[in-house]
$ cat structure-v4.cif   # mmCIF, C-alpha atoms
data_my_file
loop_
_atom_site.label_atom_id
_atom_site.label_comp_id
_atom_site.auth_asym_id
_atom_site.auth_seq_id
_atom_site.Cartn_x
_atom_site.Cartn_y
_atom_site.Cartn_z
CA MET A 1 -53.96 -101.53 12.26
CA ILE A 2 -52.40 -101.85 15.73
CA LEU A 3 -48.86 -100.64 16.49
CA TYR A 4 -47.29 -101.80 19.74
CA ASP A 5 -45.30 -98.70 20.41
CA TYR A 6 -42.85 -96.91 22.67
CA VAL A 7 -42.77 -93.16 22.18
CA LEU A 8 -38.97 -92.75 22.56
CA SER A 9 -38.08 -95.62 20.22
CA ALA A 10 -36.52 -94.59 16.91
CA SER A 11 -37.84 -97.75 15.23
CA CYS A 12 -41.39 -97.17 16.46
CA TYR A 13 -41.17 -93.57 15.23
CA LYS A 14 -40.21 -94.80 11.73
CA VAL A 15 -43.54 -96.59 11.55
CA ARG A 16 -45.59 -93.76 13.08
CA LEU A 17 -43.95 -91.31 10.66
CA MET A 18 -44.52 -93.52 7.60
CA ALA A 19 -48.15 -94.07 8.57
CA ALA A 20 -48.67 -90.33 9.03
CA LEU A 21 -47.07 -89.54 5.67
CA VAL A 22 -49.30 -91.97 3.77
CA GLY A 23 -52.39 -91.11 5.83
CA GLU A 24 -52.79 -94.51 7.51
CA ARG A 25 -54.44 -94.44 10.94
CA LEU A 26 -52.68 -96.49 13.64
CA ASP A 27 -54.19 -97.75 16.84
CA LEU A 28 -51.21 -97.15 19.18
CA GLN A 29 -50.75 -99.59 22.07
CA ALA A 30 -48.17 -98.12 24.44
CA VAL A 31 -45.68 -100.69 25.78
CA ASP A 32 -43.71 -99.88 28.94
CA PHE A 33 -40.29 -100.44 27.38
CA HIS A 34 -38.48 -98.45 30.05
CA PRO A 35 -38.36 -98.89 32.97
CA GLY A 36 -40.97 -101.67 32.90
CA ARG A 37 -39.29 -103.92 30.28
CA GLU A 38 -42.80 -104.94 29.26
CA HIS A 39 -41.44 -106.01 25.84
CA LYS A 40 -39.59 -108.83 27.62
CA SER A 41 -42.65 -109.97 29.58
CA ALA A 42 -44.14 -113.43 29.03
CA SER A 43 -47.38 -112.01 27.67
CA PHE A 44 -45.63 -109.73 25.16
CA ARG A 45 -43.40 -112.60 24.03
CA ASP A 46 -46.53 -114.61 23.29
CA LEU A 47 -47.15 -111.90 20.67
CA ASN A 48 -43.51 -111.42 19.55
CA PRO A 49 -41.12 -114.14 20.74
CA ALA A 50 -38.16 -111.88 19.91
CA GLY A 51 -39.31 -109.47 22.61
CA THR A 52 -38.69 -106.40 20.47
CA LEU A 53 -40.61 -103.28 19.48
CA PRO A 54 -42.36 -102.23 17.33
CA VAL A 55 -44.95 -104.84 16.44
CA LEU A 56 -47.58 -104.15 13.79
CA VAL A 57 -50.77 -106.19 13.62
CA ASP A 58 -53.24 -105.85 10.75
CA GLY A 59 -55.84 -108.62 10.82
CA ASP A 60 -53.92 -111.88 10.45
CA LEU A 61 -50.68 -110.11 9.52
CA LEU A 62 -48.11 -109.67 12.28
CA LEU A 63 -44.83 -107.84 11.53
CA THR A 64 -41.91 -107.47 13.95
CA GLU A 65 -39.34 -105.65 11.80
CA SER A 66 -39.82 -101.91 11.28
CA THR A 67 -38.47 -101.98 7.71
CA ALA A 68 -41.07 -104.64 6.84
CA MET A 69 -43.73 -102.33 8.27
CA LEU A 70 -42.47 -99.50 6.05
CA VAL A 71 -42.75 -101.79 3.01
CA TYR A 72 -46.28 -102.77 4.02
CA LEU A 73 -47.51 -99.21 4.62
CA ALA A 74 -45.82 -97.85 1.48
CA THR A 75 -47.01 -100.62 -0.83
CA LYS A 76 -50.57 -100.33 0.44
CA ALA A 77 -50.52 -96.58 -0.18
CA GLY A 78 -48.55 -96.66 -3.46
CA GLY A 79 -45.24 -94.94 -4.15
CA TRP A 80 -42.36 -94.60 -1.67
CA MET A 81 -40.61 -97.82 -2.86
CA GLY A 82 -38.36 -96.55 -5.66
CA SER A 83 -39.28 -97.43 -9.21
CA GLY A 84 -37.22 -99.59 -11.58
CA ALA A 85 -34.51 -102.14 -10.85
CA VAL A 86 -31.82 -99.62 -9.87
CA ASN A 87 -33.90 -97.57 -7.47
CA ALA A 88 -35.55 -100.62 -5.90
CA ALA A 89 -32.12 -102.15 -5.28
CA GLN A 90 -30.81 -98.89 -3.84
CA VAL A 91 -33.78 -98.69 -1.47
CA GLN A 92 -32.91 -102.19 -0.20
CA GLY A 93 -29.31 -101.05 0.28
CA TRP A 94 -30.41 -98.17 2.47
CA LEU A 95 -32.77 -100.37 4.47
CA ALA A 96 -29.74 -102.53 5.31
CA PHE A 97 -27.78 -99.35 6.08
CA SER A 98 -30.55 -98.29 8.49
CA ALA A 99 -29.79 -101.46 10.52
CA ARG A 100 -26.17 -100.27 10.81
CA LEU A 101 -27.46 -96.89 12.02
CA GLY A 102 -29.53 -98.65 14.68
CA ALA A 103 -26.57 -100.75 15.83
CA SER A 104 -24.29 -97.70 16.06
CA LEU A 105 -26.05 -94.35 16.62
CA GLY A 106 -29.12 -96.10 17.99
CA MET A 107 -27.11 -98.08 20.54
CA ALA A 108 -25.15 -94.97 21.58
CA ARG A 109 -28.48 -93.28 22.29
CA LEU A 110 -29.77 -96.28 24.26
CA HIS A 111 -26.51 -96.20 26.24
CA ASP A 112 -26.79 -92.51 27.08
CA MET A 113 -30.55 -92.44 27.69
CA LEU A 114 -31.35 -95.87 29.12
CA HIS A 115 -27.94 -97.09 30.32
CA TYR A 116 -27.58 -99.96 27.84
CA PRO A 117 -24.27 -101.75 28.46
CA VAL A 118 -22.34 -101.20 25.22
CA ASP A 119 -18.83 -100.13 24.25
CA ILE A 120 -19.85 -96.50 23.88
CA ALA A 121 -16.67 -95.36 22.13
CA ALA A 122 -16.99 -98.17 19.58
CA VAL A 123 -20.64 -97.55 18.74
CA ARG A 124 -20.06 -93.78 18.45
CA ARG A 125 -17.10 -94.39 16.13
CA ALA A 126 -19.22 -96.74 14.00
CA GLY A 127 -21.96 -94.09 14.00
CA VAL A 128 -19.59 -91.42 12.71
CA ASP A 129 -18.50 -93.82 9.94
CA CYS A 130 -22.15 -94.21 8.96
CA LEU A 131 -22.76 -90.44 9.01
CA ARG A 132 -19.75 -89.87 6.77
CA GLU A 133 -20.99 -92.43 4.24
CA LEU A 134 -24.42 -90.86 4.30
CA GLU A 135 -23.01 -87.33 3.95
CA SER A 136 -20.90 -88.34 0.96
CA HIS A 137 -23.85 -90.01 -0.75
CA LEU A 138 -26.16 -87.05 -0.14
CA THR A 139 -23.47 -84.63 -1.34
CA GLU A 140 -23.29 -86.53 -4.64
CA ALA A 141 -27.09 -86.52 -4.84
CA ARG A 142 -27.02 -82.73 -4.45
CA PHE A 143 -24.45 -82.44 -7.27
CA ALA A 144 -27.15 -84.06 -9.44
CA GLY A 145 -29.83 -81.70 -8.12
CA ARG A 146 -31.47 -84.28 -5.86
CA ILE A 147 -31.98 -84.21 -2.10
CA PHE A 148 -33.38 -87.63 -1.10
CA LEU A 149 -31.47 -90.93 -0.82
CA VAL A 150 -32.89 -92.65 -3.91
CA GLY A 151 -34.25 -91.02 -7.05
CA ASP A 152 -36.07 -87.72 -7.17
CA GLY A 153 -38.57 -88.13 -4.34
CA PRO A 154 -38.77 -89.50 -0.81
CA THR A 155 -38.83 -93.29 -0.32
CA ILE A 156 -38.98 -95.66 2.62
CA ALA A 157 -35.15 -95.50 2.53
CA ASP A 158 -35.30 -91.92 3.83
CA ILE A 159 -37.86 -92.79 6.50
CA ALA A 160 -35.82 -95.83 7.64
CA CYS A 161 -32.60 -93.82 8.01
CA PHE A 162 -33.91 -90.47 9.25
CA PRO A 163 -34.79 -91.20 12.92
CA ASN A 164 -31.47 -92.60 14.17
CA VAL A 165 -29.58 -89.87 12.27
CA ALA A 166 -31.74 -87.05 13.63
CA LEU A 167 -31.47 -88.46 17.18
CA ALA A 168 -27.67 -88.96 17.01
CA PRO A 169 -26.99 -86.07 19.45
CA ASP A 170 -28.94 -88.04 22.11
CA GLY A 171 -26.11 -90.58 21.90
CA GLY A 172 -23.36 -87.99 22.07
CA VAL A 173 -22.71 -87.83 18.31
CA ALA A 174 -22.86 -84.29 16.92
CA LEU A 175 -24.40 -83.49 13.55
CA ASP A 176 -22.68 -80.11 13.10
CA ASP A 177 -20.21 -81.31 10.45
CA TYR A 178 -22.66 -82.70 7.89
CA PRO A 179 -24.21 -79.95 5.73
CA SER A 180 -25.83 -82.33 3.24
CA ILE A 181 -27.37 -84.40 6.05
CA ARG A 182 -28.71 -81.15 7.53
CA LEU A 183 -30.43 -80.20 4.26
CA TRP A 184 -31.70 -83.77 3.75
CA MET A 185 -33.27 -83.73 7.23
CA ARG A 186 -34.88 -80.39 6.40
CA ALA A 187 -36.36 -81.91 3.24
CA ILE A 188 -37.84 -84.80 5.24
CA ARG A 189 -39.18 -82.48 7.93
CA SER A 190 -40.74 -80.36 5.18
CA LEU A 191 -42.83 -83.28 3.86
CA GLU A 192 -46.55 -82.76 4.08
CA ARG A 193 -48.04 -84.56 7.11
CA PHE A 194 -44.63 -84.95 8.80
CA ILE A 195 -44.98 -85.69 12.51
CA GLU A 196 -42.55 -85.12 15.41
CA MET A 197 -41.26 -87.26 18.24
CA PRO A 198 -39.45 -86.21 21.43
CA GLY A 199 -36.03 -85.05 20.20
CA ILE A 200 -37.15 -84.37 16.62
CA HIS A 201 -39.11 -81.16 16.24
CA ARG A 202 -40.99 -79.94 13.21
CA LEU A 203 -39.87 -76.91 11.19
CA HIS A 204 -41.73 -74.09 12.93
CA GLU A 205 -40.98 -71.76 10.04
CA LEU A 206 -43.31 -73.73 7.76
CA LYS A 207 -46.25 -72.13 9.53
CA PRO A 208 -46.81 -68.45 10.34
CA ALA A 209 -45.93 -67.26 13.83
CA PRO A 210 -48.82 -67.92 16.21
CA GLU A 211 -50.81 -64.91 17.37
CA ALA A 212 -50.46 -63.88 21.01
CA VAL A 213 -53.55 -64.82 23.04
CA MET B 1 -4.00 -60.88 1.71
CA GLY B 2 -7.03 -62.12 3.55
CA THR B 3 -5.26 -63.49 6.60
CA GLU B 4 -7.79 -61.95 8.98
CA TRP B 5 -10.55 -64.12 7.53
CA VAL B 6 -11.52 -67.69 8.36
CA ALA B 7 -13.76 -69.83 6.13
CA VAL B 8 -16.74 -71.16 8.12
CA GLY B 9 -18.82 -72.79 5.39
CA LEU B 10 -19.94 -72.83 1.77
CA SER B 11 -22.78 -70.73 0.37
CA ARG B 12 -24.31 -73.79 -1.31
CA ASP B 13 -24.85 -75.37 2.11
CA LEU B 14 -26.77 -72.39 3.50
CA PRO B 15 -29.87 -71.59 1.43
CA ALA B 16 -32.24 -68.80 2.44
CA GLY B 17 -34.19 -69.57 5.60
CA VAL B 18 -31.56 -71.89 7.11
CA ALA B 19 -29.31 -71.65 10.19
CA MET B 20 -26.19 -73.75 10.68
CA PRO B 21 -23.44 -74.11 13.29
CA ALA B 22 -19.84 -73.15 12.55
CA LEU B 23 -16.52 -72.71 14.35
CA TRP B 24 -14.44 -69.55 14.25
CA GLN B 25 -11.20 -69.35 16.24
CA GLY B 26 -12.57 -71.76 18.81
CA ARG B 27 -15.87 -69.88 19.08
CA GLU B 28 -19.15 -71.62 18.30
CA LEU B 29 -21.15 -69.56 15.83
CA ALA B 30 -24.66 -69.68 14.40
CA VAL B 31 -24.52 -68.68 10.74
CA TRP B 32 -27.88 -68.06 9.11
CA ARG B 33 -29.45 -66.62 6.00
CA SER B 34 -32.68 -64.64 6.04
CA ALA B 35 -35.51 -65.07 3.54
CA SER B 36 -34.17 -62.10 1.54
CA GLY B 37 -30.68 -63.65 1.55
CA LYS B 38 -28.95 -61.56 4.22
CA LEU B 39 -26.14 -63.50 5.88
CA SER B 40 -25.39 -63.23 9.63
CA ALA B 41 -22.89 -64.88 12.00
CA TRP B 42 -23.58 -64.74 15.73
CA ASN B 43 -22.32 -66.28 18.92
CA ASP B 44 -24.18 -69.62 19.03
CA ARG B 45 -25.86 -68.84 22.35
CA CYS B 46 -29.27 -67.32 22.95
CA PRO B 47 -28.81 -64.45 25.46
CA HIS B 48 -31.84 -65.80 27.34
CA ARG B 49 -30.91 -69.36 28.39
CA GLY B 50 -27.83 -70.17 26.35
CA MET B 51 -29.53 -72.51 23.86
CA ARG B 52 -27.67 -72.82 20.58
CA LEU B 53 -29.18 -70.35 18.13
CA SER B 54 -28.08 -72.62 15.25
CA HIS B 55 -30.91 -74.91 16.40
CA GLY B 56 -33.31 -72.00 15.87
CA PHE B 57 -35.57 -71.22 12.95
CA VAL B 58 -35.72 -68.43 10.40
CA ARG B 59 -38.93 -66.58 9.62
CA GLY B 60 -38.49 -63.75 7.13
CA GLU B 61 -35.68 -61.51 8.35
CA THR B 62 -35.54 -62.96 11.88
CA LEU B 63 -33.95 -65.89 13.70
CA ALA B 64 -35.92 -67.36 16.61
CA CYS B 65 -34.50 -69.52 19.39
CA ILE B 66 -35.91 -73.06 19.45
CA TYR B 67 -36.17 -73.01 23.28
CA HIS B 68 -38.52 -70.13 24.22
CA GLY B 69 -38.98 -68.53 20.82
CA TRP B 70 -37.15 -65.25 21.48
CA VAL B 71 -36.94 -63.51 18.10
CA TYR B 72 -33.85 -61.63 16.88
CA GLY B 73 -33.52 -59.29 13.90
CA THR B 74 -30.53 -59.25 11.57
CA SER B 75 -28.81 -56.63 13.77
CA GLY B 76 -28.73 -59.24 16.57
CA SER B 77 -31.21 -57.31 18.74
CA CYS B 78 -34.08 -59.18 20.35
CA ILE B 79 -37.32 -57.82 18.91
CA HIS B 80 -39.95 -60.13 20.39
CA ILE B 81 -40.42 -62.33 23.47
CA PRO B 82 -43.46 -64.60 22.97
CA ALA B 83 -44.12 -65.00 26.72
CA HIS B 84 -44.31 -61.19 27.04
CA PRO B 85 -45.91 -60.17 23.76
CA ASP B 86 -46.52 -56.55 24.81
CA LEU B 87 -42.97 -55.96 26.06
CA VAL B 88 -40.53 -54.02 23.92
CA PRO B 89 -37.32 -55.97 24.63
CA PRO B 90 -34.56 -53.80 26.13
CA ALA B 91 -31.66 -53.00 23.78
CA THR B 92 -29.27 -54.92 26.05
CA ILE B 93 -30.81 -58.22 24.87
CA LYS B 94 -28.67 -58.69 21.79
CA ALA B 95 -26.87 -61.62 20.21
CA GLU B 96 -23.12 -61.12 19.82
CA THR B 97 -22.54 -60.50 16.11
CA PHE B 98 -19.49 -61.18 13.92
CA LEU B 99 -18.28 -59.80 10.62
CA CYS B 100 -19.46 -62.24 7.94
CA VAL B 101 -19.21 -62.03 4.16
CA GLU B 102 -19.37 -64.32 1.12
CA ALA B 103 -16.77 -64.41 -1.63
CA GLY B 104 -16.65 -66.97 -4.42
CA GLY B 105 -19.26 -69.17 -2.77
CA VAL B 106 -17.32 -69.35 0.52
CA ILE B 107 -18.63 -67.88 3.79
CA TRP B 108 -15.95 -66.02 5.72
CA VAL B 109 -15.90 -64.61 9.25
CA GLY B 110 -13.43 -61.86 10.08
CA ALA B 111 -12.16 -60.16 13.21
CA ALA B 112 -13.96 -56.96 14.19
CA GLY B 113 -12.56 -54.10 12.16
CA ALA B 114 -10.97 -56.32 9.51
CA THR B 115 -9.87 -53.95 6.79
CA ASP B 116 -8.94 -56.28 3.93
CA THR B 117 -11.22 -58.53 1.92
CA PRO B 118 -11.40 -62.35 2.01
CA PRO B 119 -9.22 -64.26 -0.44
CA GLU B 120 -10.64 -65.15 -3.84
CA PHE B 121 -9.88 -68.36 -5.70
CA ALA B 122 -10.40 -67.54 -9.36
CA GLY B 123 -11.29 -70.56 -11.50
CA TYR B 124 -12.59 -72.64 -8.58
CA VAL B 125 -16.14 -73.42 -7.49
CA PRO B 126 -17.28 -74.70 -4.06
CA LEU B 127 -17.38 -78.50 -3.74
CA ARG B 128 -18.12 -79.53 -0.14
CA SER B 129 -17.10 -79.08 3.50
CA VAL B 130 -15.70 -82.04 5.45
CA ALA B 131 -14.49 -82.18 9.07
CA THR B 132 -11.65 -84.43 10.19
CA GLN B 133 -9.55 -85.23 13.24
CA ALA B 134 -6.44 -85.09 11.06
CA ASP B 135 -4.25 -81.99 11.13
CA ALA B 136 -2.99 -79.92 8.21
CA ALA B 137 0.33 -81.78 8.01
CA ALA B 138 -1.36 -85.18 7.77
CA LEU B 139 -3.79 -83.85 5.17
CA ALA B 140 -0.90 -82.44 3.14
CA GLN B 141 0.86 -85.79 3.19
CA ALA B 142 -2.27 -87.83 2.41
CA SER B 143 -3.38 -85.52 -0.42
CA GLY B 144 -0.03 -84.86 -2.06
CA LEU B 145 -1.11 -81.22 -2.56
CA GLU B 146 1.11 -78.17 -2.20
CA GLN B 147 0.90 -75.83 0.80
CA ALA B 148 -0.80 -72.52 -0.07
CA ALA B 149 -1.77 -69.39 1.86
CA GLN B 150 -5.15 -70.71 3.08
CA GLY B 151 -4.53 -74.45 2.87
CA LEU B 152 -3.61 -76.91 0.14
CA LEU B 153 -3.66 -76.56 -3.63
CA GLY B 154 -2.93 -78.85 -6.56
CA SER B 155 -4.23 -81.25 -9.16
CA THR B 156 -5.69 -84.75 -8.91
CA ALA B 157 -6.80 -87.35 -11.45
CA ALA B 158 -10.30 -85.89 -11.07
CA GLY B 159 -9.13 -82.32 -11.69
CA GLY B 160 -7.74 -79.32 -9.83
CA VAL B 161 -8.63 -78.85 -6.17
CA CYS B 162 -8.14 -76.24 -3.45
CA LEU B 163 -8.61 -77.24 0.19
CA ILE B 164 -9.22 -74.27 2.50
CA LEU B 165 -8.36 -75.48 6.02
CA SER B 166 -10.00 -74.02 9.13
CA THR B 167 -8.47 -75.51 12.26
CA SER B 168 -9.78 -75.53 15.80
CA GLN B 169 -8.65 -77.33 18.94
CA THR B 170 -10.87 -80.32 18.19
CA LYS B 171 -10.87 -80.68 14.43
CA THR B 172 -9.88 -79.45 11.00
CA THR B 173 -12.67 -78.39 8.69
CA ILE B 174 -11.86 -78.69 4.99
CA HIS B 175 -13.74 -76.37 2.65
CA ALA B 176 -12.98 -77.95 -0.72
CA LEU B 177 -13.15 -76.01 -3.98
CA ALA B 178 -13.02 -77.72 -7.36
CA ALA B 179 -11.51 -76.40 -10.56
CA LYS B 180 -14.39 -75.53 -12.88
CA GLU B 181 -13.71 -78.42 -15.28
CA ALA B 182 -13.16 -81.03 -12.52
CA ASP B 183 -15.34 -84.14 -12.02
CA ARG B 184 -17.12 -83.22 -8.77
CA VAL B 185 -18.23 -86.75 -7.84
CA ALA B 186 -14.74 -88.18 -8.40
CA LEU B 187 -13.18 -85.29 -6.48
CA SER B 188 -15.61 -85.74 -3.58
CA ARG B 189 -14.68 -89.45 -3.34
CA TRP B 190 -10.98 -88.60 -3.62
CA LEU B 191 -11.42 -86.24 -0.65
CA ASP B 192 -13.07 -89.00 1.43
CA GLY B 193 -9.99 -91.13 0.74
CA VAL B 194 -7.63 -88.32 1.72
CA VAL B 195 -9.44 -87.89 5.05
CA ARG B 196 -9.36 -91.65 5.75
CA ARG B 197 -5.65 -91.94 5.00
CA ALA B 198 -4.78 -88.79 6.97
CA GLU B 199 -6.72 -90.00 10.01
CA GLU B 200 -5.14 -93.44 9.92
CA ARG B 201 -1.76 -91.78 10.12
CA VAL B 202 -2.88 -89.64 13.05
CA LEU B 203 -4.49 -92.50 14.91
CA ALA B 204 -1.69 -94.99 14.16
#

$ encode --input "structure-v4.cif" --output "structure tokens"
Amino acid sequence: MILYDYVLSASCYKVRLMAALVGERLDLQAVDFHPGREHKSASFRDLNPAGTLPVLVDGDLLLTESTAMLVYLATKAGGWMGSGAVNAAQVQGWLAFSARLGASLGMARLHDMLHYPVDIAAVRRAGVDCLRELESHLTEARFAGRIFLVGDGPTIADIACFPNVALAPDGGVALDDYPSIRLWMRAIRSLERFIEMPGIHRLHELKPAPEAV
Amino acid sequence: MGTEWVAVGLSRDLPAGVAMPALWQGRELAVWRSASGKLSAWNDRCPHRGMRLSHGFVRGETLACIYHGWVYGTSGSCIHIPAHPDLVPPATIKAETFLCVEAGGVIWVGAAGATDTPPEFAGYVPLRSVATQADAAALAQASGLEQAAQGLLGSTAAGGVCLILSTSQTKTTIHALAAKEADRVALSRWLDGVVRRAEERVLA
């Protein structure tokens, strides 16, 4: 399974994280997204005419939407999709919400890190609206003794939403005011086989302090 | 009663082994709870390079800075520097500590030498903390609650509510408590509506 990948991309990280969590090995093909704009090159557009990352190739299957890749990895592995009509529908709702996160918090980050020309005040404001909705939902989940977005365990909904939320400070949007989001992110980072990306570190306290050498 | 104390968070949002940021009289604090449950509130700056200690991690009874791993005990004193494992850190390397207590599920920070105890709200349980750009007057108008010593108090269709307001230059943080018989989900959604209406008035 080949993932055309850029290490700083939140969407690429979703797929790397999902693959790690379900134990799927990815052959990572680094694409020079910045500054090379390799994803807009003629040869890359022969692979993905949309000129976007990530791209997942598994035999004859070619996927260009990260949420589709999450569905593929999760369904192959079993679990992670939400069971029953209600949970499955809620997972779809959060996958759509993750697109709003990308268009708000994600764009604010691309503005601050890679100088994307966007209305920075507008995308930050939209990002805060998203964080407030997420915080309210997770607060209600905690009232019911749950911590993840849908049902009792983690689903692809959590993995789809986590990266752009965790990276929000890169786009100038603080996470200080969202206690339920903080505890939700801790729960995700506590999952077995969780992996990091630049800007999202693991919970060091899950392992004993390293010995001095 | 209790006027020397400012609410900085709710106990339910700070389980053992977690650090979180808070504001107290315009100061940025790191509030954290050790594995054994001991609560601490410090200036949110590592004495080494100024990294926010609220980004740090808790192991046992210590908080370590995320940047270079300097380890601090609950007294605030640095007890270990990973890059100099054999060094006993000098006593001058110490996080600035604040008076911090819990009462009724609310975390309070008080001025040094505070002699009274934080206010208690009998019959109420912690609901949630929400930050807003709206000020206390706008929140009073949008909520329809009565002014009280620490904030706003009254009843809603979802049940009784008490909003403890902690204001800073940049925002108002609402620490909401619910009457014990109240519908917490309905009250939480009511509070979202109050914040939206109060902010629309401010931004209008």

$ interface_residues --input "structure-v4.cif" --of "chain A" --to "chain B" --cutoff "9 Å" --atoms "all atoms listed in the file" --output "ChimeraX atom specification"
/A:132,136,139-140,143,176-180,182-183,203-206,208-209,212-213

$ atom_distance --input "structure-v4.cif" --atom1 "CA of Trp80 (chain A)" --atom2 "CA of His201 (chain A)"
22.6 Å

$ closest_residue --input "structure-v4.cif" --among "A:Val22, A:Leu47, A:Ala166, A:Ile2" --to "Lys76 (chain A)" --atoms "only C-alpha atoms"
A:Val22

$ resolve_selection --input "structure-v4.cif" --expression "the PyMOL selection byres ((chain A and resi 138) around 8)" --output "ChimeraX atom specification"
/A:134-137,139-142,147-149,180-181,184

$ closest_residue --input "structure-v4.cif" --among "B:Ser40, B:Gln150, B:Thr156, B:Thr117" --to "Ile174 (chain B)" --atoms "only C-alpha atoms"
B:Gln150

$ resolve_selection --input "structure-v4.cif" --expression "the PyMOL selection byres ((chain B and resi 181) around 9)" --output "MDAnalysis selection string"
chainID B and resid 124 159:160 178:180 182:184

$ write_last_selection --input "structure-v4.cif" --atoms "C-alpha atoms" --output "PDB file, in the coordinates of the input"
ATOM      1  CA  TYR B 124     -12.590 -72.640  -8.580  1.00  0.00           C
ATOM      2  CA  GLY B 159      -9.130 -82.320 -11.690  1.00  0.00           C
ATOM      3  CA  GLY B 160      -7.740 -79.320  -9.830  1.00  0.00           C
ATOM      4  CA  ALA B 178     -13.020 -77.720  -7.360  1.00  0.00           C
ATOM      5  CA  ALA B 179     -11.510 -76.400 -10.560  1.00  0.00           C
ATOM      6  CA  LYS B 180     -14.390 -75.530 -12.880  1.00  0.00           C
ATOM      7  CA  ALA B 182     -13.160 -81.030 -12.520  1.00  0.00           C
ATOM      8  CA  ASP B 183     -15.340 -84.140 -12.020  1.00  0.00           C
ATOM      9  CA  ARG B 184     -17.120 -83.220  -8.770  1.00  0.00           C
TER      10      ARG B 184
END

$ atom_distance --input "structure-v4.cif" --atom1 "CA of Ser9 (chain A)" --atom2 "CA of Arg125 (chain A)"
21.4 Å

$ residues_around --input "structure-v4.cif" --residues "Met113 (chain A)" --least-positions-apart "3" --cutoff "10 Å" --atoms "only C-alpha atoms" --output "short mmCIF file (atom, residue, chain, number, x, y, z; two decimals) with C-alpha atoms, in the frame of the given file"
data_model
loop_
_atom_site.label_atom_id
_atom_site.label_comp_id
_atom_site.auth_asym_id
_atom_site.auth_seq_id
_atom_site.Cartn_x
_atom_site.Cartn_y
_atom_site.Cartn_z
CA LEU A 8 -38.97 -92.75 22.56
CA MET A 107 -27.11 -98.08 20.54
CA ALA A 108 -25.15 -94.97 21.58
CA ARG A 109 -28.48 -93.28 22.29
CA LEU A 110 -29.77 -96.28 24.26
CA TYR A 116 -27.58 -99.96 27.84
CA ASP A 170 -28.94 -88.04 22.11
CA GLY A 171 -26.11 -90.58 21.90
#

$ resolve_selection --input "structure-v4.cif" --expression "the PyMOL selection byres ((chain B and resi 53) around 6)" --output "JSON, numbers by chain"
{"B": [30, 44, 45, 46, 52, 54, 55, 56, 65]}

$ axis_aligned_box --input "structure-v4.cif" --around "region 95-103 of chain B" --padding-each-side "3 Å" --output "lines of an AutoDock Vina configuration file"
center_x = -21.8
center_y = -62.1
center_z = 9.3
size_x = 16.1
size_y = 10.6
size_z = 27.8

$ closest_residue --input "structure-v4.cif" --among "A:Ala68, A:Met197, A:Val57, A:Ala103" --to "Asp27 (chain A)" --atoms "only C-alpha atoms"
A:Val57

$ build_atoms --input "structure-v4.cif" --residues "region 74-85 of chain B" --atoms "N, CA and C atoms" --output "short mmCIF file (atom, residue, chain, number, x, y, z; two decimals), keeping the file's coordinate frame"
data_model
loop_
_atom_site.label_atom_id
_atom_site.label_comp_id
_atom_site.auth_asym_id
_atom_site.auth_seq_id
_atom_site.Cartn_x
_atom_site.Cartn_y
_atom_site.Cartn_z
N THR B 74 -31.85 -59.03 12.17
CA THR B 74 -30.53 -59.25 11.57
C THR B 74 -29.43 -58.41 12.25
N SER B 75 -29.81 -57.40 13.02
CA SER B 75 -28.81 -56.63 13.77
C SER B 75 -28.33 -57.39 15.01
N GLY B 76 -29.04 -58.49 15.36
CA GLY B 76 -28.73 -59.24 16.57
C GLY B 76 -29.62 -58.86 17.75
N SER B 77 -30.37 -57.76 17.62
CA SER B 77 -31.21 -57.31 18.74
C SER B 77 -32.47 -58.16 18.85
N CYS B 78 -32.83 -58.46 20.10
CA CYS B 78 -34.08 -59.18 20.35
C CYS B 78 -35.25 -58.25 20.07
N ILE B 79 -36.19 -58.70 19.26
CA ILE B 79 -37.32 -57.82 18.91
C ILE B 79 -38.66 -58.36 19.39
N HIS B 80 -38.67 -59.59 19.92
CA HIS B 80 -39.95 -60.13 20.39
C HIS B 80 -39.70 -61.27 21.36
N ILE B 81 -40.47 -61.25 22.48
CA ILE B 81 -40.42 -62.33 23.47
C ILE B 81 -41.84 -62.88 23.58
N PRO B 82 -42.08 -64.10 23.06
CA PRO B 82 -43.46 -64.60 22.97
C PRO B 82 -44.18 -64.65 24.32
N ALA B 83 -43.45 -64.92 25.41
CA ALA B 83 -44.12 -65.00 26.72
C ALA B 83 -44.52 -63.62 27.23
N HIS B 84 -43.97 -62.57 26.66
CA HIS B 84 -44.31 -61.19 27.04
C HIS B 84 -44.59 -60.39 25.78
N PRO B 85 -45.69 -60.71 25.11
CA PRO B 85 -45.91 -60.17 23.76
C PRO B 85 -46.00 -58.64 23.72
#
